[in-house]
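Trainee: Supplied structure: coords.cif, mmCIF, C-alpha atoms.
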```cif
data_target
loop_
_atom_site.group_PDB
_atom_site.id
_atom_site.type_symbol
_atom_site.label_atom_id
_atom_site.label_comp_id
_atom_site.auth_asym_id
_atom_site.auth_seq_id
_atom_site.Cartn_x
_atom_site.Cartn_y
_atom_site.Cartn_z
ATOM 1 C CA MET A 254 29.254 5.586 -155.792
ATOM 2 C CA PRO A 255 27.060 8.627 -155.085
ATOM 3 C CA ALA A 256 28.206 12.000 -156.391
ATOM 4 C CA GLU A 257 30.189 13.805 -153.739
ATOM 5 C CA ASP A 258 29.175 17.341 -154.625
ATOM 6 C CA VAL A 259 30.291 20.082 -152.278
ATOM 7 C CA TYR A 260 28.805 23.506 -152.948
ATOM 8 C CA ASN A 261 30.524 26.699 -151.947
ATOM 9 C CA ARG A 262 30.135 30.447 -151.880
ATOM 10 C CA ILE A 263 33.746 31.375 -152.450
ATOM 11 C CA SER A 264 32.991 33.522 -155.511
ATOM 12 C CA VAL A 265 30.242 35.423 -153.623
ATOM 13 C CA LEU A 266 32.489 36.088 -150.633
ATOM 14 C CA ARG A 267 35.352 37.048 -152.894
ATOM 15 C CA ALA A 268 33.236 39.458 -154.938
ATOM 16 C CA GLU A 269 31.692 40.929 -151.811
ATOM 17 C CA ARG A 270 35.111 41.724 -150.382
ATOM 18 C CA GLY A 271 36.754 42.705 -153.646
ATOM 19 C CA ILE A 272 39.411 40.003 -153.509
ATOM 20 C CA SER A 273 40.880 38.639 -156.738
ATOM 21 C CA ARG A 274 41.461 34.946 -157.342
ATOM 22 C CA LYS A 275 45.186 35.541 -157.402
ATOM 23 C CA ASP A 276 45.121 37.357 -154.049
ATOM 24 C CA LEU A 277 43.073 34.586 -152.459
ATOM 25 C CA ALA A 278 45.309 31.927 -153.997
ATOM 26 C CA ALA A 279 48.428 33.682 -152.736
ATOM 27 C CA ALA A 280 46.965 33.930 -149.231
ATOM 28 C CA LEU A 281 46.077 30.232 -149.237
ATOM 29 C CA GLY A 282 49.270 29.047 -150.953
ATOM 30 C CA VAL A 283 47.514 27.400 -153.910
ATOM 31 C CA HIS A 284 47.568 28.004 -157.660
ATOM 32 C CA TYR A 285 45.050 30.638 -158.745
ATOM 33 C CA GLN A 286 43.419 28.198 -161.131
ATOM 34 C CA THR A 287 42.643 25.992 -158.135
ATOM 35 C CA ILE A 288 40.441 28.793 -156.787
ATOM 36 C CA GLY A 289 38.639 28.861 -160.145
ATOM 37 C CA TYR A 290 38.110 25.092 -160.124
ATOM 38 C CA LEU A 291 36.824 25.330 -156.527
ATOM 39 C CA GLU A 292 34.373 28.083 -157.487
ATOM 40 C CA ARG A 293 33.125 26.060 -160.458
ATOM 41 C CA GLY A 294 32.615 23.027 -158.209
ATOM 42 C CA GLU A 295 35.085 20.981 -160.259
ATOM 43 C CA TYR A 296 37.300 20.340 -157.277
ATOM 44 C CA SER A 297 36.354 19.673 -153.656
ATOM 45 C CA PRO A 298 38.954 20.908 -151.182
ATOM 46 C CA SER A 299 40.516 18.930 -148.382
ATOM 47 C CA LEU A 300 39.219 19.660 -144.893
ATOM 48 C CA PHE A 301 42.432 21.573 -144.226
ATOM 49 C CA LEU A 302 41.986 23.862 -147.245
ATOM 50 C CA ALA A 303 38.272 24.302 -146.529
ATOM 51 C CA LEU A 304 39.060 25.390 -142.969
ATOM 52 C CA ARG A 305 41.726 27.779 -144.203
ATOM 53 C CA ILE A 306 39.305 29.338 -146.687
ATOM 54 C CA ALA A 307 36.702 29.837 -143.939
ATOM 55 C CA GLU A 308 39.367 31.267 -141.668
ATOM 56 C CA TYR A 309 40.533 33.625 -144.408
ATOM 57 C CA PHE A 310 37.019 35.030 -144.847
ATOM 58 C CA ASP A 311 36.540 34.956 -141.061
ATOM 59 C CA VAL A 312 33.257 33.056 -141.287
ATOM 60 C CA PRO A 313 32.123 29.624 -140.046
ATOM 61 C CA LEU A 314 32.818 26.711 -142.392
ATOM 62 C CA GLU A 315 29.129 26.164 -143.142
ATOM 63 C CA VAL A 316 28.837 29.709 -144.470
ATOM 64 C CA VAL A 317 31.307 28.830 -147.227
ATOM 65 C CA PHE A 318 30.614 25.142 -147.873
ATOM 66 C CA SER A 319 27.471 23.035 -148.002
ATOM 67 C CA LEU A 320 26.407 19.594 -149.169
ATOM 68 C CA ARG A 321 23.289 21.192 -150.679
ATOM 69 C CA PRO A 322 23.129 24.044 -153.173
ATOM 70 C CA PHE A 323 22.996 27.444 -151.528
ATOM 71 C CA PRO A 324 19.693 29.298 -152.095
ATOM 72 C CA ARG A 325 19.876 32.041 -154.674
ATOM 73 C CA LEU A 326 19.808 35.577 -153.299
ATOM 74 C CA GLY A 327 16.197 36.660 -152.899
ATOM 75 C CA SER A 328 14.770 33.203 -153.474
ATOM 76 C CA GLY A 329 13.262 33.153 -149.966
ATOM 77 C CA ARG A 330 11.198 36.291 -150.546
ATOM 78 C CA THR A 331 7.825 35.221 -151.820
ATOM 79 C CA GLY A 332 5.961 38.398 -150.829
ATOM 80 C CA MET B 123 55.827 26.359 -165.509
ATOM 81 C CA GLN B 124 53.345 28.269 -163.396
ATOM 82 C CA ARG B 125 53.194 31.063 -166.010
ATOM 83 C CA ASP B 126 51.480 31.298 -169.385
ATOM 84 C CA TYR B 127 53.865 30.962 -172.323
ATOM 85 C CA LEU B 128 52.296 30.805 -175.805
ATOM 86 C CA PRO B 129 48.834 30.277 -174.273
ATOM 87 C CA GLY B 130 47.154 30.137 -177.684
ATOM 88 C CA TRP B 131 48.741 26.737 -178.294
ATOM 89 C CA TYR B 132 46.970 25.053 -175.382
ATOM 90 C CA ALA B 133 44.043 27.354 -174.602
ATOM 91 C CA THR B 134 41.339 24.835 -175.463
ATOM 92 C CA ARG B 135 40.847 21.174 -174.643
ATOM 93 C CA THR B 136 40.969 20.312 -178.368
ATOM 94 C CA ARG B 137 44.395 21.936 -178.752
ATOM 95 C CA ARG B 138 45.739 20.239 -175.622
ATOM 96 C CA ARG B 139 44.487 16.914 -176.921
ATOM 97 C CA LEU B 140 46.189 17.588 -180.253
ATOM 98 C CA LEU B 141 49.449 18.207 -178.366
ATOM 99 C CA ALA B 142 48.935 15.027 -176.327
ATOM 100 C CA GLY B 143 48.236 13.174 -179.590
ATOM 101 C CA ALA B 144 51.423 14.574 -181.146
ATOM 102 C CA VAL B 145 53.479 13.282 -178.208
ATOM 103 C CA ALA B 146 51.687 9.927 -178.409
ATOM 104 C CA CYS B 147 52.523 9.738 -182.135
ATOM 105 C CA ALA B 148 56.181 10.474 -181.358
ATOM 106 C CA LEU B 149 56.104 7.661 -178.778
ATOM 107 C CA ALA B 150 54.475 5.377 -181.337
ATOM 108 C CA THR B 151 57.415 6.064 -183.668
ATOM 109 C CA PHE B 152 59.777 4.661 -181.024
ATOM 110 C CA TRP B 153 57.677 1.480 -180.865
ATOM 111 C CA VAL B 154 57.390 1.151 -184.640
ATOM 112 C CA ASN B 155 61.153 1.599 -184.912
ATOM 113 C CA ALA B 156 61.669 -1.133 -182.305
ATOM 114 C CA VAL B 157 59.353 -3.526 -184.163
ATOM 115 C CA VAL B 158 60.996 -2.769 -187.537
ATOM 116 C CA THR B 159 64.403 -3.364 -185.959
ATOM 117 C CA TRP B 160 63.160 -6.678 -184.579
ATOM 118 C CA VAL B 161 61.589 -8.061 -187.760
ATOM 119 C CA THR B 162 64.150 -6.603 -190.180
ATOM 120 C CA PRO B 163 67.662 -7.418 -188.998
ATOM 121 C CA GLY B 164 69.920 -4.407 -189.442
ATOM 122 C CA ALA B 165 67.081 -1.944 -190.124
ATOM 123 C CA GLY B 166 66.620 1.033 -187.811
ATOM 124 C CA ALA B 167 69.318 -0.181 -185.470
ATOM 125 C CA GLY B 168 71.863 2.338 -186.655
ATOM 126 C CA TRP B 169 72.509 3.545 -183.130
ATOM 127 C CA ALA B 170 72.994 0.036 -181.888
ATOM 128 C CA ASP B 171 75.536 -1.039 -184.500
ATOM 129 C CA GLY B 172 77.515 2.158 -184.530
ATOM 130 C CA GLY B 173 76.348 4.141 -187.558
ATOM 131 C CA ALA B 174 73.069 5.835 -188.338
ATOM 132 C CA ASP B 175 72.057 6.317 -191.989
ATOM 133 C CA TRP B 176 70.361 9.431 -193.391
ATOM 134 C CA ALA B 177 66.890 7.923 -193.106
ATOM 135 C CA ASP B 178 67.442 7.451 -189.359
ATOM 136 C CA ILE B 179 68.705 10.995 -188.940
ATOM 137 C CA VAL B 180 65.795 12.535 -190.865
ATOM 138 C CA LEU B 181 63.243 10.378 -189.028
ATOM 139 C CA TRP B 182 64.544 11.164 -185.545
ATOM 140 C CA THR B 183 65.016 14.853 -186.311
ATOM 141 C CA ALA B 184 61.361 15.007 -187.396
ATOM 142 C CA VAL B 185 60.253 13.096 -184.301
ATOM 143 C CA LEU B 186 62.218 15.380 -181.988
ATOM 144 C CA MET B 187 60.889 18.488 -183.752
ATOM 145 C CA VAL B 188 57.387 17.333 -182.823
ATOM 146 C CA TYR B 189 58.203 15.760 -179.471
ATOM 147 C CA LEU B 190 60.219 18.519 -177.783
ATOM 148 C CA PRO B 191 57.883 21.490 -178.434
ATOM 149 C CA ALA B 192 54.777 19.402 -177.724
ATOM 150 C CA VAL B 193 56.188 18.133 -174.404
ATOM 151 C CA THR B 194 57.259 21.644 -173.434
ATOM 152 C CA LEU B 195 53.828 23.111 -174.220
ATOM 153 C CA LEU B 196 52.042 20.277 -172.413
ATOM 154 C CA ASN B 197 54.203 20.881 -169.346
ATOM 155 C CA VAL B 198 53.254 24.560 -169.404
ATOM 156 C CA ALA B 199 49.568 23.753 -170.010
ATOM 157 C CA THR B 200 49.478 21.340 -167.060
ATOM 158 C CA ARG B 201 51.530 23.741 -164.907
ATOM 159 C CA GLY B 202 54.169 21.098 -164.405
ATOM 160 C CA VAL B 203 51.766 18.779 -162.614
ATOM 161 C CA THR B 204 53.776 15.714 -163.621
ATOM 162 C CA ALA B 205 57.198 17.382 -163.686
ATOM 163 C CA LEU B 206 57.555 19.545 -160.589
ATOM 164 C CA ALA B 207 58.386 18.352 -157.096
ATOM 165 C CA GLU B 208 55.348 17.739 -154.905
ATOM 166 C CA ARG B 209 56.266 20.631 -152.620
ATOM 167 C CA ASP B 210 55.789 23.006 -155.572
ATOM 168 C CA LEU B 211 52.222 21.823 -156.245
ATOM 169 C CA ASP B 212 49.004 22.493 -154.382
ATOM 170 C CA GLU B 213 46.625 19.764 -153.221
ATOM 171 C CA ARG B 214 44.489 19.838 -156.416
ATOM 172 C CA GLN B 215 47.594 19.494 -158.560
ATOM 173 C CA VAL B 216 48.912 16.646 -156.398
ATOM 174 C CA SER B 217 45.600 14.804 -156.709
ATOM 175 C CA GLU B 218 45.630 15.352 -160.487
ATOM 176 C CA ARG B 219 49.157 13.967 -160.645
ATOM 177 C CA LEU B 220 48.139 10.894 -158.642
ATOM 178 C CA ARG B 221 45.210 10.306 -160.987
ATOM 179 C CA ALA B 222 47.421 10.655 -164.077
ATOM 180 C CA VAL B 223 50.043 8.317 -162.599
ATOM 181 C CA GLY B 224 47.323 5.788 -161.693
ATOM 182 C CA ILE B 225 45.964 5.747 -165.252
ATOM 183 C CA THR B 226 49.511 5.544 -166.646
ATOM 184 C CA HIS B 227 50.251 2.605 -164.374
ATOM 185 C CA ARG B 228 47.316 0.672 -165.835
ATOM 186 C CA ILE B 229 48.382 1.531 -169.399
ATOM 187 C CA MET B 230 52.000 0.550 -168.692
ATOM 188 C CA THR B 231 50.827 -2.739 -167.179
ATOM 189 C CA GLY B 232 48.958 -3.438 -170.426
ATOM 190 C CA ILE B 233 52.022 -2.553 -172.500
ATOM 191 C CA LEU B 234 54.299 -4.784 -170.388
ATOM 192 C CA VAL B 235 51.889 -7.713 -170.549
ATOM 193 C CA THR B 236 51.593 -7.283 -174.344
ATOM 194 C CA LEU B 237 55.377 -7.071 -174.699
ATOM 195 C CA PHE B 238 55.892 -10.138 -172.533
ATOM 196 C CA ALA B 239 53.236 -12.145 -174.417
ATOM 197 C CA THR B 240 54.661 -11.078 -177.792
ATOM 198 C CA THR B 241 58.212 -12.005 -176.805
ATOM 199 C CA LEU B 242 57.011 -15.358 -175.435
ATOM 200 C CA ALA B 243 54.961 -16.096 -178.570
ATOM 201 C CA VAL B 244 57.836 -15.215 -180.925
ATOM 202 C CA SER B 245 60.247 -17.318 -178.859
ATOM 203 C CA LEU B 246 57.865 -20.298 -178.913
ATOM 204 C CA TYR B 247 57.339 -19.875 -182.676
ATOM 205 C CA HIS B 248 61.069 -19.874 -183.434
ATOM 206 C CA GLY B 249 61.859 -22.614 -180.968
ATOM 207 C CA ARG B 250 64.653 -23.038 -178.430
ATOM 208 C CA GLY B 251 67.783 -21.044 -178.931
ATOM 209 C CA TYR B 252 65.981 -17.985 -180.296
ATOM 210 C CA SER B 253 66.911 -14.654 -178.768
ATOM 211 C CA VAL B 254 65.658 -11.164 -179.524
ATOM 212 C CA PRO B 255 68.257 -9.275 -181.612
ATOM 213 C CA GLY B 256 70.418 -6.900 -179.572
ATOM 214 C CA GLY B 257 69.457 -3.864 -181.664
ATOM 215 C CA ALA B 258 65.760 -4.596 -181.178
ATOM 216 C CA LEU B 259 66.281 -5.028 -177.439
ATOM 217 C CA LEU B 260 67.925 -1.625 -177.251
ATOM 218 C CA MET B 261 65.115 0.011 -179.260
ATOM 219 C CA LEU B 262 62.465 -1.717 -177.138
ATOM 220 C CA ALA B 263 64.190 -0.523 -173.969
ATOM 221 C CA ILE B 264 64.294 3.049 -175.320
ATOM 222 C CA ALA B 265 60.620 2.899 -176.363
ATOM 223 C CA LEU B 266 59.658 1.491 -172.959
ATOM 224 C CA PHE B 267 61.652 4.134 -171.095
ATOM 225 C CA MET B 268 60.278 7.017 -173.180
ATOM 226 C CA THR B 269 56.717 5.770 -172.739
ATOM 227 C CA HIS B 270 57.140 5.334 -168.991
ATOM 228 C CA PHE B 271 58.767 8.756 -168.756
ATOM 229 C CA VAL B 272 56.293 10.856 -170.706
ATOM 230 C CA LEU B 273 52.951 9.028 -170.524
ATOM 231 C CA PRO B 274 51.827 10.713 -167.255
ATOM 232 C CA LEU B 275 52.200 14.064 -169.016
ATOM 233 C CA VAL B 276 50.189 12.853 -172.021
ATOM 234 C CA VAL B 277 47.422 11.526 -169.744
ATOM 235 C CA SER B 278 47.400 14.705 -167.666
ATOM 236 C CA GLY B 279 47.280 16.926 -170.762
ATOM 237 C CA TRP B 280 44.516 14.826 -172.282
ATOM 238 C CA ARG B 281 42.377 14.993 -169.121
ATOM 239 C CA LEU B 282 42.938 18.651 -168.291
ATOM 240 C CA PRO B 283 39.666 20.607 -168.206
ATOM 241 C CA ASP B 284 39.527 24.148 -169.524
ATOM 242 C CA PRO B 285 40.844 26.480 -166.840
ATOM 243 C CA PRO B 286 38.392 28.975 -165.355
ATOM 244 C CA PRO B 287 38.520 32.344 -167.137
ATOM 245 C CA ASP B 288 40.587 34.953 -165.343
ATOM 246 C CA ASP B 289 38.490 37.298 -163.296
ATOM 247 C CA GLU B 290 38.298 40.958 -164.098
ATOM 248 C CA ASP B 291 41.465 41.979 -162.309
ATOM 249 C CA GLY B 292 43.447 39.026 -163.600
#
```
Write the structure described by the file as C-alpha coordinates, please.
Mentor:
Amino acid sequence: MPAEDVYNRISVLRAERGISRKDLAAALGVHYQTIGYLERGEYSPSLFLALRIAEYFDVPLEVVFSLRPFPRLGSGRTG
Amino acid sequence: MQRDYLPGWYATRTRRRLLAGAVACALATFWVNAVVTWVTPGAGAGWADGGADWADIVLWTAVLMVYLPAVTLLNVATRGVTALAERDLDERQVSERLRAVGITHRIMTGILVTLFATTLAVSLYHGRGYSVPGGALLMLAIALFMTHFVLPLVVSGWRLPDPPPDDEDG
(Lines of atoms letter the chains of each structure in order from A and count residues from 1; the text may use other names and numbers.)
(Lines give C-alpha, C1' and ligand atoms only; values in the text may rest on other atoms or scores of the structure.)
Protein backbone atom coordinates (compact mmCIF):
# COMPACT_ATOMS: atom_id res chain seq x y z
CA MET A 1 0.00 0.00 0.00
CA PRO A 2 1.47 3.40 -0.93
CA ALA A 3 2.19 5.86 1.86
CA GLU A 4 -0.76 8.16 2.35
CA ASP A 5 1.14 11.26 3.39
CA VAL A 6 -0.85 14.45 3.76
CA TYR A 7 1.19 17.59 4.29
CA ASN A 8 -0.16 20.62 6.07
CA ARG A 9 0.67 24.16 7.06
CA ILE A 10 -1.20 24.25 10.34
CA SER A 11 1.86 25.26 12.37
CA VAL A 12 2.67 28.11 9.93
CA LEU A 13 -0.89 29.44 10.01
CA ARG A 14 -1.04 29.07 13.76
CA ALA A 15 2.26 30.89 14.30
CA GLU A 16 1.29 33.60 11.84
CA ARG A 17 -1.91 34.31 13.74
CA GLY A 18 -0.51 33.80 17.21
CA ILE A 19 -2.84 30.94 18.10
CA SER A 20 -1.73 28.30 20.60
CA ARG A 21 -2.29 24.60 20.08
CA LYS A 22 -4.66 24.54 23.02
CA ASP A 23 -6.73 27.42 21.61
CA LEU A 24 -6.95 25.75 18.21
CA ALA A 25 -7.79 22.40 19.81
CA ALA A 26 -10.51 23.98 21.93
CA ALA A 27 -12.01 25.69 18.87
CA LEU A 28 -12.01 22.42 16.93
CA GLY A 29 -13.12 20.21 19.84
CA VAL A 30 -10.08 17.92 19.75
CA HIS A 31 -7.32 17.13 22.24
CA TYR A 32 -4.41 19.57 21.99
CA GLN A 33 -1.99 16.72 21.37
CA THR A 34 -3.99 15.88 18.25
CA ILE A 35 -3.01 19.28 16.85
CA GLY A 36 0.63 18.43 17.57
CA TYR A 37 0.35 15.05 15.85
CA LEU A 38 -1.33 16.75 12.86
CA GLU A 39 1.46 19.33 12.63
CA ARG A 40 4.11 16.60 12.79
CA GLY A 41 2.34 14.69 10.01
CA GLU A 42 1.82 11.69 12.29
CA TYR A 43 -1.93 11.81 11.89
CA SER A 44 -4.01 12.63 8.82
CA PRO A 45 -7.34 14.25 9.66
CA SER A 46 -10.74 13.17 8.42
CA LEU A 47 -12.26 15.29 5.67
CA PHE A 48 -14.59 16.79 8.26
CA LEU A 49 -11.74 17.89 10.55
CA ALA A 50 -9.68 19.13 7.59
CA LEU A 51 -12.60 21.28 6.42
CA ARG A 52 -13.11 22.63 9.93
CA ILE A 53 -9.44 23.56 10.21
CA ALA A 54 -9.58 25.40 6.87
CA GLU A 55 -12.78 27.11 7.94
CA TYR A 56 -11.20 28.13 11.25
CA PHE A 57 -8.29 29.81 9.46
CA ASP A 58 -10.70 31.17 6.84
CA VAL A 59 -8.64 29.85 3.93
CA PRO A 60 -9.33 27.30 1.17
CA LEU A 61 -8.59 23.68 2.04
CA GLU A 62 -5.65 23.48 -0.37
CA VAL A 63 -3.92 26.32 1.46
CA VAL A 64 -3.74 24.14 4.57
CA PHE A 65 -3.41 20.62 3.16
CA SER A 66 -1.55 19.13 0.22
CA LEU A 67 -0.56 15.71 -1.06
CA ARG A 68 2.90 17.13 -1.85
CA PRO A 69 5.27 18.90 0.52
CA PHE A 70 4.73 22.63 0.64
CA PRO A 71 7.67 24.66 -0.75
CA ARG A 72 9.85 26.24 1.88
CA LEU A 73 9.49 30.00 2.26
CA GLY A 74 11.81 31.70 -0.21
CA SER A 75 12.62 28.53 -2.11
CA GLY A 76 11.10 29.97 -5.31
CA ARG A 77 13.42 32.98 -5.35
CA THR A 78 16.44 32.06 -7.40
CA GLY A 79 17.50 35.64 -8.22
CA MET B 1 -7.50 11.54 32.29
CA GLN B 2 -7.03 14.44 29.92
CA ARG B 3 -4.59 16.10 32.35
CA ASP B 4 -0.96 15.39 33.20
CA TYR B 5 -0.51 13.66 36.55
CA LEU B 6 3.03 12.52 37.44
CA PRO B 7 4.17 13.12 33.84
CA GLY B 8 7.74 12.04 34.61
CA TRP B 9 6.55 8.44 34.92
CA TYR B 10 5.37 8.20 31.31
CA ALA B 11 7.16 11.06 29.55
CA THR B 12 9.19 8.85 27.22
CA ARG B 13 8.33 5.85 25.08
CA THR B 14 10.79 3.71 27.09
CA ARG B 15 9.02 4.53 30.36
CA ARG B 16 5.58 3.87 28.87
CA ARG B 17 6.82 0.54 27.57
CA LEU B 18 8.18 -0.29 31.02
CA LEU B 19 4.73 0.45 32.47
CA ALA B 20 3.08 -1.68 29.76
CA GLY B 21 5.60 -4.44 30.55
CA ALA B 22 4.80 -4.20 34.27
CA VAL B 23 1.09 -4.67 33.55
CA ALA B 24 1.89 -7.55 31.19
CA CYS B 25 3.98 -9.18 33.95
CA ALA B 26 1.08 -8.80 36.39
CA LEU B 27 -1.19 -10.46 33.81
CA ALA B 28 1.38 -13.22 33.35
CA THR B 29 1.19 -13.87 37.10
CA PHE B 30 -2.54 -14.59 36.74
CA TRP B 31 -1.76 -17.14 34.01
CA VAL B 32 1.10 -18.74 35.93
CA ASN B 33 -1.17 -19.01 38.97
CA ALA B 34 -3.84 -20.68 36.83
CA VAL B 35 -1.34 -23.19 35.42
CA VAL B 36 0.11 -23.95 38.88
CA THR B 37 -3.42 -24.47 40.19
CA TRP B 38 -4.12 -26.84 37.30
CA VAL B 39 -0.99 -29.00 37.58
CA THR B 40 -0.74 -28.91 41.38
CA PRO B 41 -4.09 -29.79 42.93
CA GLY B 42 -4.80 -27.53 45.88
CA ALA B 43 -1.99 -25.06 45.10
CA GLY B 44 -2.86 -21.42 44.44
CA ALA B 45 -6.56 -22.13 44.57
CA GLY B 46 -7.01 -20.63 48.00
CA TRP B 47 -9.78 -18.36 46.79
CA ALA B 48 -11.58 -21.23 45.17
CA ASP B 49 -11.59 -23.54 48.18
CA GLY B 50 -12.38 -20.92 50.75
CA GLY B 51 -9.08 -19.99 52.41
CA ALA B 52 -6.03 -18.19 51.11
CA ASP B 53 -2.64 -18.89 52.72
CA TRP B 54 0.02 -16.25 53.42
CA ALA B 55 1.91 -17.00 50.22
CA ASP B 56 -1.24 -16.19 48.22
CA ILE B 57 -1.81 -12.97 50.13
CA VAL B 58 1.79 -11.78 49.72
CA LEU B 59 1.83 -12.72 46.02
CA TRP B 60 -1.43 -10.96 45.16
CA THR B 61 -0.59 -7.90 47.26
CA ALA B 62 2.68 -7.58 45.32
CA VAL B 63 0.88 -8.06 42.00
CA LEU B 64 -1.73 -5.44 42.85
CA MET B 65 0.95 -3.00 44.04
CA VAL B 66 2.45 -3.19 40.55
CA TYR B 67 -0.78 -3.57 38.59
CA LEU B 68 -2.90 -0.74 40.01
CA PRO B 69 -0.37 2.13 39.76
CA ALA B 70 0.87 0.94 36.35
CA VAL B 71 -2.68 0.74 34.95
CA THR B 72 -3.52 4.15 36.38
CA LEU B 73 -0.41 5.76 34.89
CA LEU B 74 -0.97 4.07 31.53
CA ASN B 75 -4.54 5.38 31.47
CA VAL B 76 -3.25 8.89 32.12
CA ALA B 77 -0.46 8.51 29.53
CA THR B 78 -2.92 7.35 26.86
CA ARG B 79 -5.46 10.01 27.91
CA GLY B 80 -8.04 7.34 28.59
CA VAL B 81 -8.09 6.22 24.97
CA THR B 82 -9.22 2.72 25.94
CA ALA B 83 -11.21 3.70 29.04
CA LEU B 84 -13.32 6.74 28.21
CA ALA B 85 -16.59 6.75 26.31
CA GLU B 86 -16.23 7.44 22.60
CA ARG B 87 -18.02 10.78 22.92
CA ASP B 88 -15.18 11.99 25.17
CA LEU B 89 -12.49 11.21 22.58
CA ASP B 90 -11.55 13.00 19.38
CA GLU B 91 -11.23 11.27 16.01
CA ARG B 92 -7.48 10.53 16.39
CA GLN B 93 -8.08 8.97 19.79
CA VAL B 94 -10.99 6.91 18.45
CA SER B 95 -8.84 5.62 15.60
CA GLU B 96 -6.05 4.77 18.06
CA ARG B 97 -8.54 2.89 20.22
CA LEU B 98 -9.80 0.93 17.21
CA ARG B 99 -6.23 0.01 16.28
CA ALA B 100 -5.44 -1.11 19.84
CA VAL B 101 -8.66 -3.15 20.03
CA GLY B 102 -7.89 -4.73 16.63
CA ILE B 103 -4.42 -5.83 17.76
CA THR B 104 -5.84 -7.06 21.08
CA HIS B 105 -8.45 -9.08 19.22
CA ARG B 106 -5.74 -10.92 17.29
CA ILE B 107 -3.75 -11.56 20.49
CA MET B 108 -6.86 -12.78 22.33
CA THR B 109 -7.70 -15.09 19.43
CA GLY B 110 -4.21 -16.60 19.76
CA ILE B 111 -4.64 -17.00 23.52
CA LEU B 112 -8.06 -18.66 23.12
CA VAL B 113 -6.80 -21.04 20.45
CA THR B 114 -3.80 -21.95 22.65
CA LEU B 115 -6.06 -22.47 25.66
CA PHE B 116 -8.47 -24.60 23.67
CA ALA B 117 -5.65 -26.71 22.16
CA THR B 118 -4.00 -27.15 25.58
CA THR B 119 -7.26 -28.21 27.23
CA LEU B 120 -7.99 -30.62 24.36
CA ALA B 121 -4.47 -32.10 24.49
CA VAL B 122 -4.56 -32.57 28.28
CA SER B 123 -8.02 -34.15 28.05
CA LEU B 124 -6.87 -36.54 25.31
CA TYR B 125 -3.73 -37.41 27.32
CA HIS B 126 -5.70 -38.26 30.46
CA GLY B 127 -8.46 -40.03 28.60
CA ARG B 128 -12.24 -39.96 28.96
CA GLY B 129 -13.66 -38.78 32.22
CA TYR B 130 -10.96 -36.17 32.81
CA SER B 131 -12.14 -32.70 33.75
CA VAL B 132 -10.18 -29.56 34.52
CA PRO B 133 -10.12 -28.97 38.30
CA GLY B 134 -12.65 -26.39 39.49
CA GLY B 135 -10.00 -24.19 41.11
CA ALA B 136 -7.98 -24.11 37.89
CA LEU B 137 -11.09 -23.26 35.89
CA LEU B 138 -11.78 -20.32 38.16
CA MET B 139 -8.17 -19.09 37.91
CA LEU B 140 -8.20 -19.51 34.12
CA ALA B 141 -11.45 -17.55 33.90
CA ILE B 142 -9.96 -14.76 36.04
CA ALA B 143 -6.75 -14.69 33.95
CA LEU B 144 -8.79 -14.63 30.74
CA PHE B 145 -11.04 -11.84 32.00
CA MET B 146 -8.14 -9.71 33.26
CA THR B 147 -6.26 -10.15 29.99
CA HIS B 148 -9.32 -9.28 27.91
CA PHE B 149 -10.03 -6.30 30.15
CA VAL B 150 -6.61 -4.67 30.26
CA LEU B 151 -4.79 -5.77 27.10
CA PRO B 152 -6.11 -2.88 24.93
CA LEU B 153 -4.54 -0.48 27.43
CA VAL B 154 -1.22 -2.35 27.34
CA VAL B 155 -1.21 -2.33 23.52
CA SER B 156 -2.18 1.35 23.39
CA GLY B 157 0.50 2.31 25.92
CA TRP B 158 3.11 0.26 24.09
CA ARG B 159 2.30 1.88 20.73
CA LEU B 160 1.93 5.46 21.93
CA PRO B 161 4.39 7.80 20.20
CA ASP B 162 6.02 10.61 22.13
CA PRO B 163 3.58 13.51 22.31
CA PRO B 164 4.57 16.72 20.53
CA PRO B 165 6.32 19.17 22.87
CA ASP B 166 4.06 21.89 24.21
CA ASP B 167 4.39 25.11 22.31
CA GLU B 168 5.69 28.23 23.93
CA ASP B 169 2.44 29.31 25.52
CA GLY B 170 1.55 25.82 26.68
Trainee: Within 7 Å of chain A, which residues of chain B show up? Give each one with its shortest atom-to-atom distance in Å (one decimal) and the two atoms involved, counting all atoms listed in the file, rows by chain then rising residue number, as a Markdown table.
Mentor:
```
| residue | atom | partner | partner_atom | distance |
| --- | --- | --- | --- | --- |
| B:Asp212 | CA | A:Val283 | CA | 5.1 |
| B:Arg214 | CA | A:Thr287 | CA | 6.7 |
| B:Pro285 | CA | A:Gln286 | CA | 6.5 |
| B:Pro286 | CA | A:Gly289 | CA | 5.2 |
| B:Asp291 | CA | A:Ser273 | CA | 6.5 |
```
Trainee: I would like the residues chosen by the PyMOL selection byres ((chain B and resi 133-138) around 12) on the shown file; could you give them as JSON, numbers by chain?
Mentor: {"B": [126, 127, 128, 129, 130, 131, 132, 139, 140, 141, 142, 143, 144, 145, 192, 193, 194, 195, 196, 197, 198, 199, 200, 275, 276, 277, 278, 279, 280, 281, 282, 283, 284, 285, 286, 287]}
Trainee: Enter the distance from CA of Val216 in chain B to CA of Val203 in chain B, in Å, rounded to one decimal.
Mentor: 7.2 Å
Trainee: Calculate how many Å separate CA of Pro274 in chain B from CA of Leu206 in chain B, rounding to one decimal.
Mentor: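 Computing it gives 12.5 Å between the two atoms.
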Trainee: CA of Val272 in chain B and CA of Leu149 in chain B are how many Å apart?
Mentor: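 We find that CA of Val272 in chain B and CA of Leu149 in chain B lie 8.7 Å from each other.
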Trainee: I'd like the box whose edges run along x, y and z of the file and which contains every listed atom of range 310-328 of chain A, padded by 5 Å per side; could you state its centre and edge lengths in Å, one decimal, as lines of an AutoDock Vina configuration file?
Mentor:
```
center_x = 25.9
center_y = 28.1
center_z = -147.4
size_x = 32.2
size_y = 27.1
size_z = 24.6
```
Trainee: Step by step, work through what the PyMOL selection byres ((chain B and resi 265) around 10) selects in the shown file, and finish by giving those residues as number ranges by chain.
Mentor: B: 149-156, 259-264, 266-271
Trainee: Which one of B:Glu208, B:Asp178, B:Glu213, B:Glu218 sits closest to Thr159 in chain B if you count all atoms listed in the file?
Mentor: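 Of the candidates, the smallest distance to Thr159 in chain B is held by B:Asp178.
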Trainee: Which residues, named as in the file, does the PyMOL selection byres ((chain B and resi 160) around 8) pick out? Answer as a list of chain:residue names.
Mentor: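 Matching residues under the PyMOL selection byres ((chain B and resi 160) around 8) are B:Ala156, B:Val157, B:Val158, B:Thr159, B:Val161, B:Thr162, B:Pro163, B:Val254, B:Pro255, B:Gly257, B:Ala258, B:Leu259.
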Trainee: Fewer than 3 positions away in the same chain doesn't count, so skip those; otherwise give me all residues within 12 Å of Leu314 in chain A, counting all atoms listed in the file, as an NGL selection string.
Mentor: :A and (260-263 or 300-311 or 317-320)
Trainee: Between A:Ala278, A:Val316, A:Gly294, A:Arg325, which is the closest to Leu266 in chain A once you count all atoms listed in the file?
Mentor: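 When distances to Leu266 in chain A are compared using all atoms listed in the file, the smallest one comes from A:Val316.
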